[in-house]
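Trainee: Dropping a structure here in structure tokens format, bear with me for questions.
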Amino acid sequence: QVQLVESGGGLVQAGGSLRLTCTASESISAFTHMSWYRQAPGTKREMVAVLTGVYTNYRDDVKGRFTILRGNDKNTIFLQMTDLKLEDTGVYYCGGYNEDEDLGVWGQGTRVTVSL
């Protein structure tokens, strides 16, 4: 089974930027969709950005600030985050979903903390 590992989280001041990396143990072409989700303390996990082929989709409050993109290899996706806000704080998870097999895989998460 493909494994996903996130990295790049950390502490950043409001208005700053971070780039999260999701590295797969095999080619991400195995997945129909690649996504980033996040979970703040006491809340449900929520979709942040989804990449399907050449199409992207974002939650409204990150549009224009976050970008999901593939790396130059076949094993990596990124989440470029700019103009970070306090409400962006949470654990960010990379997910892959294969529609044909109805199979989803999650990484272990990377924590992002935005401070004043």
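Naming scheme: A, B, ... for chains in displayed order of the structure tokens; residues 1 onward per chain; ligands 1 onward as shown.
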Which neighbours of His33 in chain A fall inside 12 Å, counting only C-alpha atoms, when residues of the same chain fewer than 2 positions from it are skipped, and could you give them as a list in words?
Mentor: Ile28, Ser29, Ala30, Phe31, Ser35, Trp36, Ala49, Val50, Leu51, Thr52, Gly53, Val54, Tyr55, Thr56, Asn57, Ile68, Arg70, Ile77, Cys94, Gly95, Gly96, Tyr97, Asn98, Glu99, Asp100, Asp102, Leu103, Gly104 and Val105 of chain A
Trainee: Need the shell around Arg19 in chain A: protein/DNA/RNA residues with any atom at most 10 Å away, counting only C-alpha atoms. Skip same-chain ones fewer than 4 positions apart. Format as a count of residues only?
Mentor: 12
Trainee: With distances taken over only C-alpha atoms, which residue among A:Asn72, A:Thr32, A:Gln13, A:Gln108 lies nearest Leu86 in chain A?
Mentor: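 Of A:Asn72, A:Thr32, A:Gln13, A:Gln108, the one nearest Leu86 in chain A is A:Gln13, counting only C-alpha atoms.
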Trainee: Please report the interatomic distance between CA of Arg111 in chain A and CA of Val48 in chain A in Å with one decimal.
Mentor: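 Answer for the CA of Arg111 in chain A to CA of Val48 in chain A separation: 14.2 Å.
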Trainee: Take CA of Thr110 in chain A and CA of Ala24 in chain A and report the distance between them in Å, one decimal.
Mentor: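 These atoms are spaced 14.6 Å apart.
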Trainee: For the atom pair CA of Tyr93 in chain A and CA of Trp106 in chain A, what is the interatomic distance in Å to one decimal place?
Mentor: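 Computed distance, CA of Tyr93 in chain A to CA of Trp106 in chain A, equals 6.7 Å.
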Trainee: Please identify which residues in range 72-106 of chain A DSSP calls strand (DSSP E or B) from the backbone, and express them as a VMD selection string.
Mentor: chain A and resid 76 to 81 90 to 98 103 to 106
Trainee: Considering only C-alpha atoms, state which residue in the set A:Gln39, A:Gln3, A:Ser17, A:Ser27 is at the smallest distance from Thr76 in chain A.
Mentor: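 Ranking A:Gln39, A:Gln3, A:Ser17, A:Ser27 by distance to Thr76 in chain A, first place goes to A:Ser27.
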Trainee: Of the candidates A:Val12, A:Val91, A:Arg59, A:Leu69, which shows the shortest atom-to-atom distance to Lys44 in chain A, using only C-alpha atoms?
Mentor: A:Val91
